[in-house]
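Visitor: I'd like to ask some things about the structure below.
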Amino acid sequence: MASLLGEQLFEISDRGPPPLKDFFQLVVTKNEVILTTWTISLRLGSRGAAPKELKTPHQGFLHDKKIQQQVGIVFGQKILEHAILLCQGNVDYLERLSDGILLRILSHIELKDTTMLAQASQRFRKLCNSEKFWEQTVRNRCAEFTSDMEGLANAMGWREIYFTFFHTTGSQKK
């Protein structure tokens with residue numbers, strides 16, 4: 001599965017916390033962690049200064065508390081923990097899949113199970129409530145759907161079409 005990953009595992013950039021105005025970028029690759037800093041200052045000596053780039057192998061990052069502290073201050077504790085996990089080899093492959101691939105996977109799950117999946121993370125909640133998901137659901141699971149209904153679905157919303165025309169509750173199934 002690791003062969004499916006590109007060279008770069010993670011990237012984030014942000015401005016430093018006040019009073020700093022410096023700009024930071026954190027990149028975690030398969031082999032190293034790169035922390036780049038651009039100093040933003042009105043002082044003459046700082047104008048046009050080249051960015052500072054700190055490269056360290058994963059093991060170096062895991063043992064360097066000073067770099068970890070800086071990453072935590074700039075990007076927050078969750079990003080620091082994520083970078084540490086990546087350096088330890090704990091890659092969340094599911095999180096790296098595109099929305100299109102995840103939607104294809106969702107098409108094979110029972111519709112009732114997607115309600116529980118939507119509670120697993122913000123990303124799954126967004127996907128399970130997306131128009132693309134509901135369009136896919138109607139097109140693939142509702143045999144009565146006709147091309148004449150497509151305009152209505154685009155106007156009303158695919159989720160609304162599903163619950164209006166195709167969803168039946170247990171009391172209606174007799």
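Residues are named by chain letter and number: chains run A, B, ... in the order of the structure tokens, numbers start at 1 in each chain, and ligands are numbered from 1 in the order shown.
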Do a neighbour search on segment 54-67 of chain A at 9 Å with only C-alpha atoms, toss out local chain neighbours closer than 4 positions, and write the hits as a list in words.
Guide: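 What passes the distance filter is Val28, Thr29, Lys30, Asn31, Glu32, Val33, Ile34, Leu35, Thr36, Thr37, Val71, Gly72, Ile84, Leu86, Cys87 and Gln88 of chain A.
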Visitor: With C-alpha atoms kept, could you save the residues just selected as an mmCIF file, in the first residue's frame?
Guide:
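Generated output (result_37.cif):
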```cif
data_model
loop_
_atom_site.group_PDB
_atom_site.id
_atom_site.type_symbol
_atom_site.label_atom_id
_atom_site.label_comp_id
_atom_site.auth_asym_id
_atom_site.auth_seq_id
_atom_site.Cartn_x
_atom_site.Cartn_y
_atom_site.Cartn_z
ATOM 1 C CA VAL A 28 6.663 15.496 5.552
ATOM 2 C CA THR A 29 8.050 13.273 2.809
ATOM 3 C CA LYS A 30 8.707 9.539 2.845
ATOM 4 C CA ASN A 31 12.172 10.156 4.285
ATOM 5 C CA GLU A 32 12.369 13.578 5.903
ATOM 6 C CA VAL A 33 10.649 16.520 7.534
ATOM 7 C CA ILE A 34 11.206 19.961 6.026
ATOM 8 C CA LEU A 35 10.321 23.100 7.985
ATOM 9 C CA THR A 36 10.680 26.299 5.967
ATOM 10 C CA THR A 37 10.420 29.779 7.497
ATOM 11 C CA VAL A 71 5.741 22.908 14.852
ATOM 12 C CA GLY A 72 3.279 22.662 17.753
ATOM 13 C CA ILE A 84 4.934 12.412 14.496
ATOM 14 C CA LEU A 86 3.766 9.929 9.819
ATOM 15 C CA CYS A 87 7.413 9.838 10.890
ATOM 16 C CA GLN A 88 6.682 6.665 12.859
#
```
Visitor: According to DSSP computed on the backbone, where in segment 55-155 of chain A is there alpha helix (DSSP H)? Give the residues as a count of residues only.
Guide: 71
Visitor: Taking the chain letters and numbering used in this document, name the residues of segment 7-174 of chain A that DSSP puts in strand (DSSP E), as a ChimeraX atom specification.
Guide: /A:8-15,23-29,32-38,52-57
Visitor: Using only C-alpha atoms, find each residue in segment 33-93 of chain A having at least one atom no more than 9 Å away from segment 6-17 of chain A; report its shortest atom-to-atom pair and that distance in Å (one decimal), rows by chain then rising number, as a Markdown table.
Guide:
```
| residue | atom | partner | partner_atom | distance |
| --- | --- | --- | --- | --- |
| A:Ile73 | CA | A:Pro17 | CA | 7.4 |
| A:Val74 | CA | A:Gly16 | CA | 5.2 |
| A:Phe75 | CA | A:Asp14 | CA | 7.1 |
| A:Ile79 | CA | A:Ile12 | CA | 8.8 |
| A:Ala83 | CA | A:Phe10 | CA | 7.9 |
| A:Leu86 | CA | A:Leu9 | CA | 7.7 |
| A:Val91 | CA | A:Leu9 | CA | 8.2 |
```
Visitor: Point out the residue among A:Gly151, A:Phe166, A:Arg159, A:Leu117 with the least atom-to-atom distance to Gln136 of chain A, counting only C-alpha atoms.
Guide: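 Going through A:Gly151, A:Phe166, A:Arg159, A:Leu117 one by one, the smallest distance to Gln136 of chain A is for A:Arg159.
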Visitor: Return the single residue from A:Ala49, A:Ile161, A:Ile109, A:Ala118 that is closest to Glu144 of chain A, with distances computed using only C-alpha atoms.
Guide: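 Ranked by minimum distance to Glu144 of chain A, first place goes to A:Ile161.
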Visitor: Find the residue from A:Phe23, A:Phe165, A:Leu127, A:Leu42 that sits nearest to Thr146 of chain A; use only C-alpha atoms when measuring.
Guide: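 Of all the options, A:Phe165 lies closest to Thr146 of chain A.
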Visitor: Just want the 8 Å neighbourhood of segment 94-103 of chain A, counted on only C-alpha atoms, with same-chain residues fewer than 3 positions away dropped. Output as a PyMOL selection string.
Guide: chain A and resi 106-107+127+133
Visitor: Using N, CA and C atoms, can you export the residues from the last selection as a compact mmCIF listing (two decimals), in the first residue's frame?
Guide:
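Saved as part-v3.txt:
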```txt
# COMPACT_ATOMS: atom_id res chain seq x y z
N LEU A 106 -18.38 3.84 -1.13
CA LEU A 106 -19.68 4.02 -0.47
C LEU A 106 -20.82 3.39 -1.27
N SER A 107 -20.66 3.30 -2.57
CA SER A 107 -21.73 2.72 -3.39
C SER A 107 -21.92 1.22 -3.11
N LEU A 127 -19.20 13.71 2.79
CA LEU A 127 -19.41 12.84 1.64
C LEU A 127 -20.80 12.21 1.64
N PHE A 133 -23.07 11.98 -3.69
CA PHE A 133 -23.43 10.71 -3.06
C PHE A 133 -24.90 10.37 -3.33
```
Visitor: Mind checking which residues fall within 9 Å of segment 111-114 of chain A, counting only C-alpha atoms, ignoring those fewer than 5 positions away in the same chain, and posting them as an mmCIF file with C-alpha atoms, in the first residue's frame?
Guide:
```cif
data_model
loop_
_atom_site.group_PDB
_atom_site.id
_atom_site.type_symbol
_atom_site.label_atom_id
_atom_site.label_comp_id
_atom_site.auth_asym_id
_atom_site.auth_seq_id
_atom_site.Cartn_x
_atom_site.Cartn_y
_atom_site.Cartn_z
ATOM 1 C CA LEU A 106 -19.681 4.023 -0.470
ATOM 2 C CA GLN A 119 -20.671 9.924 12.257
ATOM 3 C CA PHE A 124 -17.415 11.105 5.819
ATOM 4 C CA ARG A 125 -20.302 13.277 7.042
ATOM 5 C CA CYS A 128 -22.516 11.019 2.890
ATOM 6 C CA THR A 137 -27.495 6.476 -4.738
#
```
Visitor: May I ask for the distance between atom CA of Cys142 of chain A and atom CA of Tyr162 of chain A, given in Å to one decimal place?
Guide: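 Straight-line distance from atom CA of Cys142 of chain A to atom CA of Tyr162 of chain A works out to 8.3 Å.
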Visitor: Please provide as a list in words all residues within 12 Å of Ser41 of chain A, with the sequence filter that same-chain residues fewer than 3 positions apart are discarded (counting only C-alpha atoms).
Guide: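 Counting only C-alpha atoms, the residues come to Pro19, Leu20, Lys21, Asp22, Phe23, Trp38, Leu44, Gly45, Ser46, Arg47, Gly48 and Ala49 of chain A.
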Visitor: May I have the selected residues written with C-alpha atoms, as a PDB file, in the first residue's frame?
Guide:
```pdb
ATOM      1  CA  PRO A  19       3.226  38.843  17.359  1.00  0.00           C
ATOM      2  CA  LEU A  20       5.187  37.045  14.602  1.00  0.00           C
ATOM      3  CA  LYS A  21       4.224  37.693  11.034  1.00  0.00           C
ATOM      4  CA  ASP A  22       6.557  35.007   9.717  1.00  0.00           C
ATOM      5  CA  PHE A  23       5.239  32.408   7.292  1.00  0.00           C
ATOM      6  CA  TRP A  38      10.014  33.081   5.669  1.00  0.00           C
ATOM      7  CA  LEU A  44      15.941  46.825   6.438  1.00  0.00           C
ATOM      8  CA  GLY A  45      18.136  43.894   7.449  1.00  0.00           C
ATOM      9  CA  SER A  46      15.297  41.394   6.972  1.00  0.00           C
ATOM     10  CA  ARG A  47      14.055  42.577   3.585  1.00  0.00           C
ATOM     11  CA  GLY A  48      14.718  40.111   0.804  1.00  0.00           C
ATOM     12  CA  ALA A  49      16.108  37.539   3.234  1.00  0.00           C
TER      13      ALA A  49
END
```
